[in-house]
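**Student:** Contents of query02.cif (mmCIF, C-alpha atoms and all ligand atoms):
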```
data_query
loop_
_atom_site.label_atom_id
_atom_site.label_comp_id
_atom_site.auth_asym_id
_atom_site.auth_seq_id
_atom_site.Cartn_x
_atom_site.Cartn_y
_atom_site.Cartn_z
CA MET R 236 0.00 0.00 0.00
CA ILE R 237 1.24 3.47 -0.92
CA GLU R 238 -0.16 6.24 1.27
CA VAL R 239 0.45 9.88 0.47
CA GLU R 240 -1.07 12.49 2.76
CA ASN R 241 -1.07 16.15 1.82
CA ILE R 242 2.58 16.31 0.75
CA ARG R 243 4.20 19.57 -0.26
CA LYS R 244 7.63 20.37 -1.58
CA THR R 245 8.99 23.88 -1.77
CA PHE R 246 12.38 24.40 -3.37
CA ARG R 247 14.39 27.40 -2.24
CA THR R 248 16.98 28.62 -4.69
CA PRO R 249 19.23 31.67 -4.26
CA VAL R 250 18.51 34.58 -6.60
CA VAL R 251 21.46 35.06 -8.95
CA HIS R 252 22.19 38.72 -9.70
CA THR R 253 23.41 39.97 -13.05
CA GLY R 254 25.21 43.17 -14.05
CA ARG R 255 27.91 45.11 -12.19
CA PHE R 256 29.34 43.43 -9.10
CA ALA R 257 26.90 40.61 -9.76
CA GLY R 258 29.14 37.95 -8.23
CA LEU R 259 29.67 39.99 -5.09
CA ARG R 260 25.99 40.87 -4.76
CA SER R 261 24.97 37.23 -5.21
CA PHE R 262 27.53 36.22 -2.61
CA PHE R 263 26.21 38.65 0.00
CA SER R 264 22.60 38.44 -1.04
CA ARG R 265 20.17 36.63 1.19
CA GLU R 266 17.44 36.68 -1.40
CA TYR R 267 15.82 33.39 -2.27
CA ARG R 268 13.21 32.39 -4.77
CA GLU R 269 10.68 29.79 -3.68
CA LYS R 270 9.12 27.24 -5.99
CA GLU R 271 6.18 25.21 -4.73
CA ALA R 272 6.72 22.14 -6.92
CA VAL R 273 4.16 19.99 -5.08
CA GLN R 274 1.31 21.77 -3.32
CA GLY R 275 -0.62 19.34 -1.12
CA ILE R 276 -1.09 16.01 -2.83
CA SER R 277 -2.93 13.04 -1.32
CA PHE R 278 -3.67 9.59 -2.72
CA THR R 279 -3.69 5.95 -1.69
CA ILE R 280 -2.67 3.11 -3.98
CA PRO R 281 -3.74 -0.35 -2.84
CA PRO R 282 -1.59 -3.42 -3.63
CA GLY R 283 -1.82 -4.68 -7.22
CA GLU R 284 -3.02 -1.46 -8.81
CA PHE R 285 -1.44 -0.09 -12.02
CA VAL R 286 -1.57 3.71 -11.83
CA GLY R 287 -0.54 6.30 -14.40
CA TYR R 288 0.91 9.48 -12.89
CA ILE R 289 0.79 12.07 -15.60
CA GLY R 290 1.02 15.80 -16.16
CA PRO R 291 2.70 18.39 -18.37
CA ASN R 292 6.41 19.30 -18.09
CA GLY R 293 7.23 20.79 -14.71
CA ALA R 294 3.96 19.63 -13.11
CA GLY R 295 5.74 18.02 -10.15
CA LYS R 296 5.76 14.34 -11.13
CA SER R 297 9.45 13.62 -10.62
CA THR R 298 9.43 15.58 -7.37
CA THR R 299 6.58 13.37 -6.11
CA ILE R 300 8.39 10.16 -7.14
CA LYS R 301 11.54 11.39 -5.39
CA MET R 302 9.53 11.95 -2.20
CA LEU R 303 7.98 8.48 -2.49
CA THR R 304 11.36 6.84 -2.84
CA GLY R 305 12.95 8.86 -0.03
CA ILE R 306 15.40 10.78 -2.26
CA LEU R 307 13.66 14.02 -1.24
CA HIS R 308 11.98 14.85 2.06
CA PRO R 309 8.56 16.56 1.83
CA THR R 310 8.41 20.11 3.18
CA SER R 311 5.24 18.91 4.92
CA GLY R 312 2.86 15.94 4.77
CA LYS R 313 3.38 12.21 5.07
CA VAL R 314 4.42 9.31 2.85
CA ARG R 315 4.06 5.66 3.85
CA ILE R 316 5.16 2.72 1.74
CA GLY R 317 3.87 -0.50 3.25
CA GLY R 318 3.37 1.44 6.48
CA ILE R 319 6.96 2.73 6.56
CA SER R 320 8.16 6.29 6.01
CA PRO R 321 10.82 6.39 3.26
CA HIS R 322 12.46 9.28 5.02
CA GLU R 323 12.73 7.59 8.42
CA ASP R 324 13.66 4.12 7.23
CA ARG R 325 14.87 4.38 3.65
CA LYS R 326 16.64 1.01 3.74
CA ARG R 327 13.47 -0.95 4.54
CA VAL R 328 11.45 1.00 2.00
CA VAL R 329 14.03 0.50 -0.75
CA ALA R 330 13.77 -3.26 -0.19
CA LYS R 331 10.09 -3.04 -1.18
CA LEU R 332 10.71 -0.84 -4.22
CA GLY R 333 12.01 -1.17 -7.74
CA VAL R 334 12.74 2.12 -9.50
CA VAL R 335 13.47 2.77 -13.16
CA PHE R 336 14.28 6.18 -14.62
CA GLY R 337 14.06 5.90 -18.41
CA GLN R 338 16.57 8.68 -18.96
CA ARG R 339 19.14 7.40 -16.50
CA CYS R 340 20.83 4.00 -16.66
CA GLN R 341 21.32 2.35 -13.30
CA LEU R 342 23.79 -0.29 -14.42
CA TRP R 343 27.58 -0.26 -14.57
CA TRP R 344 28.38 1.28 -17.93
CA ASP R 345 31.55 -0.65 -18.79
CA LEU R 346 30.62 -4.03 -17.35
CA PRO R 347 28.80 -6.85 -19.12
CA VAL R 348 25.11 -6.89 -18.17
CA LYS R 349 25.45 -10.10 -16.18
CA ASP R 350 28.21 -8.61 -14.01
CA SER R 351 25.88 -5.76 -13.08
CA PHE R 352 23.27 -8.32 -12.04
CA ASP R 353 25.90 -10.16 -9.97
CA ILE R 354 26.85 -6.97 -8.14
CA LEU R 355 23.19 -6.13 -7.47
CA ALA R 356 22.47 -9.66 -6.26
CA GLU R 357 25.43 -9.32 -3.87
CA MET R 358 24.07 -5.95 -2.65
CA TYR R 359 20.59 -7.35 -2.05
CA LYS R 360 22.10 -10.52 -0.56
CA ILE R 361 20.39 -12.82 -3.05
CA GLY R 362 22.37 -15.93 -3.80
CA GLY R 363 22.27 -19.59 -4.78
CA LYS R 364 19.00 -21.04 -6.00
CA ALA R 365 16.92 -17.90 -5.35
CA LYS R 366 19.23 -15.86 -7.57
CA GLU R 367 19.24 -18.46 -10.35
CA GLU R 368 15.46 -18.77 -10.29
CA ARG R 369 14.77 -15.06 -10.25
CA LEU R 370 17.31 -14.25 -12.92
CA GLY R 371 16.08 -17.21 -15.00
CA GLY R 372 12.52 -15.85 -14.89
CA LEU R 373 13.61 -12.34 -15.83
CA ARG R 374 15.87 -13.62 -18.62
CA GLU R 375 12.94 -15.41 -20.13
CA LEU R 376 10.36 -12.64 -19.67
CA LEU R 377 12.67 -9.90 -20.95
CA GLY R 378 14.71 -11.91 -23.49
CA LEU R 379 18.00 -10.99 -21.82
CA ASP R 380 20.13 -13.87 -23.12
CA GLU R 381 21.05 -12.19 -26.40
CA PHE R 382 23.03 -9.46 -24.60
CA LEU R 383 23.98 -10.80 -21.15
CA GLU R 384 27.70 -10.77 -22.07
CA THR R 385 27.57 -7.32 -23.71
CA PRO R 386 28.88 -4.24 -21.87
CA VAL R 387 26.00 -1.94 -20.94
CA ARG R 388 27.39 0.98 -22.98
CA LYS R 389 27.05 -1.10 -26.16
CA LEU R 390 23.36 -1.98 -25.66
CA SER R 391 20.61 -0.52 -27.80
CA LEU R 392 18.13 1.71 -25.97
CA GLY R 393 15.51 -1.07 -25.92
CA GLN R 394 18.00 -3.64 -24.59
CA ARG R 395 19.22 -1.19 -21.95
CA MET R 396 15.68 -0.61 -20.75
CA ARG R 397 15.08 -4.37 -20.51
CA ALA R 398 18.30 -4.74 -18.51
CA ASP R 399 17.31 -1.81 -16.27
CA LEU R 400 13.90 -3.35 -15.61
CA ALA R 401 15.48 -6.71 -14.75
CA ALA R 402 17.87 -4.94 -12.36
CA ALA R 403 14.96 -3.15 -10.68
CA MET R 404 13.07 -6.44 -10.20
CA LEU R 405 16.02 -8.58 -9.07
CA HIS R 406 15.20 -8.27 -5.36
CA ASP R 407 11.54 -9.05 -6.14
CA PRO R 408 10.01 -5.81 -4.83
CA ASP R 409 6.22 -5.47 -4.43
CA ILE R 410 6.15 -1.96 -5.86
CA LEU R 411 7.64 -0.55 -9.03
CA PHE R 412 8.09 3.16 -9.82
CA LEU R 413 8.71 3.89 -13.47
CA ASP R 414 9.67 7.26 -14.87
CA GLU R 415 9.35 7.33 -18.71
CA PRO R 416 10.28 3.65 -19.30
CA THR R 417 9.39 3.75 -23.01
CA ILE R 418 11.00 7.08 -23.92
CA GLY R 419 12.76 6.96 -27.29
CA LEU R 420 11.87 3.32 -27.97
CA ASP R 421 10.56 2.02 -31.30
CA VAL R 422 7.11 0.44 -31.62
CA THR R 423 8.31 -3.16 -31.09
CA ALA R 424 10.48 -2.31 -28.10
CA LYS R 425 7.60 -0.36 -26.52
CA LYS R 426 5.32 -3.34 -27.04
CA ASN R 427 7.81 -5.66 -25.33
CA ILE R 428 8.20 -3.38 -22.34
CA ARG R 429 4.43 -2.94 -22.02
CA GLY R 430 3.93 -6.71 -22.22
CA PHE R 431 6.46 -7.23 -19.43
CA LEU R 432 4.84 -4.61 -17.20
CA GLN R 433 1.43 -6.12 -17.81
CA THR R 434 2.73 -9.56 -16.78
CA LEU R 435 4.29 -8.12 -13.61
CA ASN R 436 1.00 -6.52 -12.68
CA ARG R 437 -1.51 -9.16 -13.73
CA GLU R 438 0.35 -12.38 -13.01
CA PHE R 439 2.61 -11.35 -10.15
CA GLY R 440 0.33 -8.74 -8.54
CA LYS R 441 2.98 -6.01 -8.51
CA THR R 442 1.84 -2.46 -7.74
CA ILE R 443 3.05 -0.10 -10.43
CA LEU R 444 3.19 3.70 -10.57
CA LEU R 445 4.02 4.84 -14.07
CA THR R 446 5.04 8.33 -15.13
CA THR R 447 5.06 8.91 -18.87
CA HIS R 448 4.25 11.38 -21.61
CA ASP R 449 3.19 8.48 -23.84
CA MET R 450 -0.60 8.31 -23.63
CA ASP R 451 -0.64 4.89 -25.33
CA ASP R 452 1.32 3.55 -22.33
CA ILE R 453 -1.36 4.92 -20.03
CA GLU R 454 -4.33 3.76 -22.06
CA GLN R 455 -2.97 0.26 -22.58
CA LEU R 456 -1.67 -0.36 -19.08
CA CYS R 457 -3.31 1.68 -16.36
CA SER R 458 -6.58 1.02 -14.57
CA ARG R 459 -6.35 4.38 -12.85
CA VAL R 460 -4.82 7.69 -13.75
CA ILE R 461 -3.74 10.57 -11.52
CA VAL R 462 -3.29 13.84 -13.37
CA ILE R 463 -1.11 16.47 -11.76
CA ASN R 464 -0.70 20.07 -12.87
CA HIS R 465 1.06 22.96 -11.12
CA GLY R 466 1.76 20.67 -8.19
CA ARG R 467 -1.89 19.77 -7.60
CA ILE R 468 -4.07 16.81 -8.50
CA GLY R 469 -6.49 17.66 -11.31
CA TYR R 470 -8.01 14.21 -11.68
CA ASP R 471 -7.81 10.85 -9.93
CA GLY R 472 -9.88 7.96 -11.27
CA SER R 473 -10.47 5.54 -14.11
CA ILE R 474 -9.93 6.33 -17.80
CA PRO R 475 -13.61 5.73 -18.77
CA ARG R 476 -14.73 8.16 -16.06
CA LEU R 477 -12.22 10.72 -17.33
CA ARG R 478 -13.56 10.31 -20.88
CA GLU R 479 -17.04 10.83 -19.47
CA ARG R 480 -16.02 13.93 -17.53
CA ILE R 481 -14.33 15.61 -20.46
CA GLY R 482 -17.21 14.57 -22.71
CA LEU R 483 -15.57 15.03 -26.12
CA PRO R 484 -17.92 14.02 -28.93
CA THR R 485 -17.85 10.73 -30.78
CA VAL R 486 -17.95 11.17 -34.56
CA ILE R 487 -20.11 8.78 -36.61
CA LYS R 488 -20.05 8.73 -40.40
CA VAL R 489 -22.77 6.84 -42.21
CA THR R 490 -22.76 6.10 -45.94
CA TYR R 491 -26.08 5.30 -47.61
CA ARG R 492 -27.07 3.32 -50.63
CA GLY R 493 -30.14 4.35 -52.61
CA PRO R 494 -32.32 7.40 -51.95
CA VAL R 495 -31.45 9.54 -48.92
CA ASP R 496 -33.52 12.08 -47.05
CA ILE R 497 -31.39 13.96 -44.51
CA PRO R 498 -33.46 16.58 -42.64
CA GLU R 499 -32.16 20.14 -42.09
CA GLU R 500 -32.33 19.62 -38.31
CA PRO R 501 -31.66 16.09 -37.01
CA GLY R 502 -34.52 16.27 -34.46
CA ALA R 503 -32.35 14.16 -32.15
CA PRO R 504 -29.70 15.05 -29.53
CA PHE R 505 -26.72 15.08 -31.91
CA THR R 506 -25.35 17.57 -34.41
CA ILE R 507 -24.72 17.18 -38.10
CA ARG R 508 -21.10 18.02 -38.90
CA GLU R 509 -21.10 17.31 -42.63
CA ARG R 510 -23.54 16.08 -45.22
CA SER R 511 -23.29 15.01 -48.83
CA GLU R 512 -25.59 13.26 -51.28
CA ALA R 513 -24.96 9.78 -49.94
CA ALA R 514 -23.35 10.32 -46.53
CA VAL R 515 -23.72 12.15 -43.25
CA THR R 516 -21.24 12.78 -40.44
CA ILE R 517 -22.62 13.53 -37.01
CA GLU R 518 -21.22 14.32 -33.56
CA CYS R 519 -22.79 12.88 -30.45
CA ASN R 520 -21.99 12.52 -26.79
CA ARG R 521 -21.81 8.82 -25.98
CA GLN R 522 -22.62 9.46 -22.35
CA GLU R 523 -25.95 10.98 -23.31
CA GLN R 524 -26.71 8.89 -26.37
CA LYS R 525 -26.27 5.20 -27.05
CA ALA R 526 -24.64 4.55 -30.45
CA MET R 527 -27.46 2.15 -31.32
CA ASP R 528 -30.09 4.85 -30.75
CA VAL R 529 -28.13 7.28 -32.93
CA LEU R 530 -27.83 4.66 -35.68
CA ARG R 531 -31.53 3.92 -35.46
CA THR R 532 -32.26 7.59 -36.17
CA LEU R 533 -29.69 7.70 -38.99
CA GLY R 534 -31.31 4.56 -40.45
CA LEU R 535 -34.60 6.45 -40.84
CA TRP R 536 -32.94 8.75 -43.40
CA GLY R 537 -31.96 6.01 -45.87
CA GLU R 538 -30.59 2.50 -46.23
CA ILE R 539 -27.26 2.36 -44.37
CA ASP R 540 -24.39 0.89 -46.39
CA ASP R 541 -21.43 1.51 -44.06
CA VAL R 542 -20.74 2.97 -40.61
CA HIS R 543 -17.49 4.50 -39.37
CA MET R 544 -17.14 5.52 -35.74
CA GLU R 545 -14.30 7.62 -34.25
CA GLU R 546 -13.95 7.81 -30.48
CA PRO R 547 -12.16 10.89 -29.14
CA GLU R 548 -8.40 10.30 -28.88
CA PHE R 549 -7.18 9.79 -25.32
CA GLU R 550 -4.35 12.21 -26.10
CA GLU R 551 -6.92 14.92 -26.88
CA ILE R 552 -8.80 14.21 -23.64
CA ILE R 553 -5.62 14.55 -21.60
CA HIS R 554 -4.77 17.75 -23.44
CA ARG R 555 -8.11 19.16 -22.22
CA VAL R 556 -7.32 18.19 -18.61
CA TYR R 557 -3.91 19.91 -18.78
N1 LIG W 1 16.00 20.79 -7.09
C1 LIG W 1 15.17 21.73 -7.54
N2 LIG W 1 15.36 23.03 -7.23
C2 LIG W 1 14.52 24.00 -7.64
N3 LIG W 1 13.42 23.78 -8.40
C3 LIG W 1 13.17 22.49 -8.75
C4 LIG W 1 14.02 21.41 -8.35
N4 LIG W 1 13.51 20.24 -8.86
C5 LIG W 1 12.41 20.59 -9.55
N5 LIG W 1 12.20 21.93 -9.50
C6 LIG W 1 11.07 22.66 -10.10
O1 LIG W 1 9.86 22.09 -9.61
C7 LIG W 1 8.88 22.01 -10.64
C8 LIG W 1 8.42 20.55 -10.81
O2 LIG W 1 9.50 19.78 -11.36
P1 LIG W 1 9.39 18.21 -11.66
O3 LIG W 1 10.73 17.78 -12.14
O4 LIG W 1 8.81 17.52 -10.49
O5 LIG W 1 8.34 18.20 -12.86
P2 LIG W 1 7.87 16.97 -13.79
O6 LIG W 1 6.39 16.95 -13.71
O7 LIG W 1 8.60 15.74 -13.42
O8 LIG W 1 8.31 17.50 -15.23
P3 LIG W 1 8.83 16.70 -16.56
O9 LIG W 1 7.63 16.07 -17.19
O10 LIG W 1 9.36 17.83 -17.39
O11 LIG W 1 9.89 15.73 -16.11
C9 LIG W 1 9.53 22.61 -11.88
O12 LIG W 1 9.15 23.95 -12.00
C10 LIG W 1 11.02 22.49 -11.62
O13 LIG W 1 11.75 23.50 -12.27
#
```
Take the structure from the file and write it as structure tokens.
**Tutor:**
Amino acid sequence: MIEVENIRKTFRTPVVHTGRFAGLRSFFSREYREKEAVQGISFTIPPGEFVGYIGPNGAGKSTTIKMLTGILHPTSGKVRIGGISPHEDRKRVVAKLGVVFGQRCQLWWDLPVKDSFDILAEMYKIGGKAKEERLGGLRELLGLDEFLETPVRKLSLGQRMRADLAAAMLHDPDILFLDEPTIGLDVTAKKNIRGFLQTLNREFGKTILLTTHDMDDIEQLCSRVIVINHGRIGYDGSIPRLRERIGLPTVIKVTYRGPVDIPEEPGAPFTIRERSEAAVTIECNRQEQKAMDVLRTLGLWGEIDDVHMEEPEFEEIIHRVY
């Protein structure tokens, strides 16, 4: 269980002067600028949940993750991971956590991948059969064998991410924090990583908090999404409920065969976006109108030949929340 209670983080940075005697003025200056990166955030994540933690650049996502992992101490508020405060007992919390930062490799750059795993296993005090079994499972799930002997610096981005994920899971933590794990990856590599994360969550019950700018990651993986902006939570709930709340229209295009009689006003709760001799495109709100009811009305205007339906893009919905 991850418990976050009204956490805040204010960064205080000295004001740097410019112009004449700037260095001297900065040196003697006691002026500070304050930045409230996180402004009172609360949420609870029960075991086994897969949560997307998203927001625009500078929203406060990384700052939150750093407070959850104990790297940063909140200015106020409380964090509990499995009942333990990461600040008070970082060692015990770290044992429960796996952390992956997509932009930062956590392995030894010049060593073969398997040597990095050996060092980590030593650090976590995993040996013998347990180590073989765990590493065997990860090798299979992540396809590590093709590059186990390769130095980390020579890995492709996709291979490096797979190695990083294996390293994060080596001590079998219950919780995984991921910061942009698919950044820069091609379609196939993304698919592999997503498949692995899905397996961790669904088959092994791992709790996952995922930060990403890739909305496909969120839509394909997360059952819940927390949206943060300017250090505050703007939304916390399921994706369908978010779609409902934003209420962007669904677009339906119907092509007719034979004679068509499209009225000037639809006389139904949807709007006509475009019409031609043999087709009509309408916009409707799926929360207010069932697609079948809309189609029934459209069927009164002529014999339907083909139907094309476009749901609002998740990306567009998130853009509206930001
Ligand atoms: N150590 C620091 N000192 C001062 N300000 C900081 C520090 N770390 C972060 N900030 C500021 O706090 C705000 C939130 O930053 P944070 O890195 O948490 O955002 P983010 O949501 O992770 O953004 P991104 O998507 O760009 O990674 C930003 O305005 C940032 O400049």
**Student:** Work out how far apart CA of Gly275 in chain R and CA of Gly312 in chain R are and give it in Å to one decimal.
**Tutor:**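 If I compute the distance from CA of Gly275 in chain R to CA of Gly312 in chain R, I get 7.6 Å.
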**Student:** How would you report the residues lying within 12 Å of ligand LIG 1 (chain W), as a PyMOL selection string, if you count all atoms listed in the file?
**Tutor:** chain R and resi 243-250+267-274+288-302+306-308+336-338+413-415+418+445-449+462-468+557
**Student:** Skip Thr506 in chain R itself and residues of its chain fewer than 6 positions away, then list as number ranges by chain all residues within 10 Å of it, counting only C-alpha atoms.
**Tutor:** R: 484, 486, 500, 516-520
**Student:** Output C-alpha atoms of each residue in that selection to a file, as a PDB file, keeping the file's coordinate frame.
**Tutor:**
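Produced file again_37.pdb, reproduced below:
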```pdb
ATOM      1  CA  PRO R 484     -17.920  14.020 -28.930  1.00  0.00           C
ATOM      2  CA  VAL R 486     -17.950  11.170 -34.560  1.00  0.00           C
ATOM      3  CA  GLU R 500     -32.330  19.620 -38.310  1.00  0.00           C
ATOM      4  CA  THR R 516     -21.240  12.780 -40.440  1.00  0.00           C
ATOM      5  CA  ILE R 517     -22.620  13.530 -37.010  1.00  0.00           C
ATOM      6  CA  GLU R 518     -21.220  14.320 -33.560  1.00  0.00           C
ATOM      7  CA  CYS R 519     -22.790  12.880 -30.450  1.00  0.00           C
ATOM      8  CA  ASN R 520     -21.990  12.520 -26.790  1.00  0.00           C
TER       9      ASN R 520
END
```
**Student:** What's the 7 Å shell around range 541-545 of chain R, counting all atoms listed in the file, without same-chain residues fewer than 4 positions away, as number ranges by chain?
**Tutor:** R: 485-491
**Student:** Between CA of Gly537 in chain R and CA of Glu509 in chain R, what is the spacing in Å?
**Tutor:**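 Interatomic distance here is 16.0 Å.
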**Student:** From the list R:Phe352, R:Tyr359, R:Phe549, R:Phe412, which residue is nearest Leu379 in chain R when using only C-alpha atoms?
**Tutor:**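 Residue with the minimum atom-to-atom distance to Leu379 in chain R: R:Phe352.
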**Student:** Distance CA of Met236 in chain R-CA of Ile453 in chain R, one decimal place?
**Tutor:**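 Spanning CA of Met236 in chain R to CA of Ile453 in chain R is a straight-line distance of 20.7 Å.
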**Student:** Which one is closest to His406 in chain R: R:Gly371, R:Gly333, R:Gly472, R:Pro309? Count only C-alpha atoms.
**Tutor:**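 Under the stated criterion, the closest residue is R:Gly333.
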**Student:** For Arg369 in chain R, find every residue with an atom within 12 Å (counting all atoms listed in the file), except residues of its own chain fewer than 6 positions away, and show them as number ranges by chain.
**Tutor:** R: 352, 356, 361-363, 375-376, 401-408
**Student:** I'd like to know which of R:Pro347, R:Pro416, R:Gly305, R:Pro547 is closest to Ile481 in chain R, using only C-alpha atoms.
**Tutor:**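 Result for the nearest residue to Ile481 in chain R: R:Pro547.
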**Student:** Will you model N, CA and C atoms for range 302-315 of chain R and pass it back as an mmCIF file, keeping the file's coordinate frame?
**Tutor:**
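Saved result, rebuild_3.cif, follows:
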```cif
data_model
loop_
_atom_site.group_PDB
_atom_site.id
_atom_site.type_symbol
_atom_site.label_atom_id
_atom_site.label_comp_id
_atom_site.auth_asym_id
_atom_site.auth_seq_id
_atom_site.Cartn_x
_atom_site.Cartn_y
_atom_site.Cartn_z
ATOM 1 N N MET R 302 9.977 11.975 -3.599
ATOM 2 C CA MET R 302 9.530 11.950 -2.200
ATOM 3 C C MET R 302 9.056 10.545 -1.813
ATOM 4 N N LEU R 303 8.461 9.842 -2.778
ATOM 5 C CA LEU R 303 7.980 8.480 -2.490
ATOM 6 C C LEU R 303 9.139 7.512 -2.268
ATOM 7 N N THR R 304 10.238 7.759 -2.967
ATOM 8 C CA THR R 304 11.360 6.840 -2.840
ATOM 9 C C THR R 304 12.341 7.262 -1.740
ATOM 10 N N GLY R 305 12.097 8.419 -1.131
ATOM 11 C CA GLY R 305 12.950 8.860 -0.030
ATOM 12 C C GLY R 305 14.158 9.668 -0.468
ATOM 13 N N ILE R 306 14.271 9.963 -1.773
ATOM 14 C CA ILE R 306 15.400 10.780 -2.260
ATOM 15 C C ILE R 306 15.233 12.220 -1.750
ATOM 16 N N LEU R 307 13.965 12.681 -1.751
ATOM 17 C CA LEU R 307 13.660 14.020 -1.240
ATOM 18 C C LEU R 307 12.730 13.899 -0.036
ATOM 19 N N HIS R 308 12.853 14.833 0.887
ATOM 20 C CA HIS R 308 11.980 14.850 2.060
ATOM 21 C C HIS R 308 10.886 15.904 1.834
ATOM 22 N N PRO R 309 9.603 15.548 2.032
ATOM 23 C CA PRO R 309 8.560 16.560 1.830
ATOM 24 C C PRO R 309 8.729 17.739 2.786
ATOM 25 N N THR R 310 8.396 18.939 2.307
ATOM 26 C CA THR R 310 8.410 20.110 3.180
ATOM 27 C C THR R 310 7.362 19.925 4.285
ATOM 28 N N SER R 311 6.224 19.329 3.911
ATOM 29 C CA SER R 311 5.240 18.910 4.920
ATOM 30 C C SER R 311 4.419 17.762 4.347
ATOM 31 N N GLY R 312 3.677 17.080 5.199
ATOM 32 C CA GLY R 312 2.860 15.940 4.770
ATOM 33 C C GLY R 312 3.572 14.619 5.028
ATOM 34 N N LYS R 313 2.851 13.537 4.723
ATOM 35 C CA LYS R 313 3.380 12.210 5.070
ATOM 36 C C LYS R 313 3.366 11.251 3.896
ATOM 37 N N VAL R 314 4.388 10.403 3.826
ATOM 38 C CA VAL R 314 4.420 9.310 2.850
ATOM 39 C C VAL R 314 4.641 8.014 3.619
ATOM 40 N N ARG R 315 3.866 6.993 3.265
ATOM 41 C CA ARG R 315 4.060 5.660 3.850
ATOM 42 C C ARG R 315 4.072 4.634 2.739
#
```
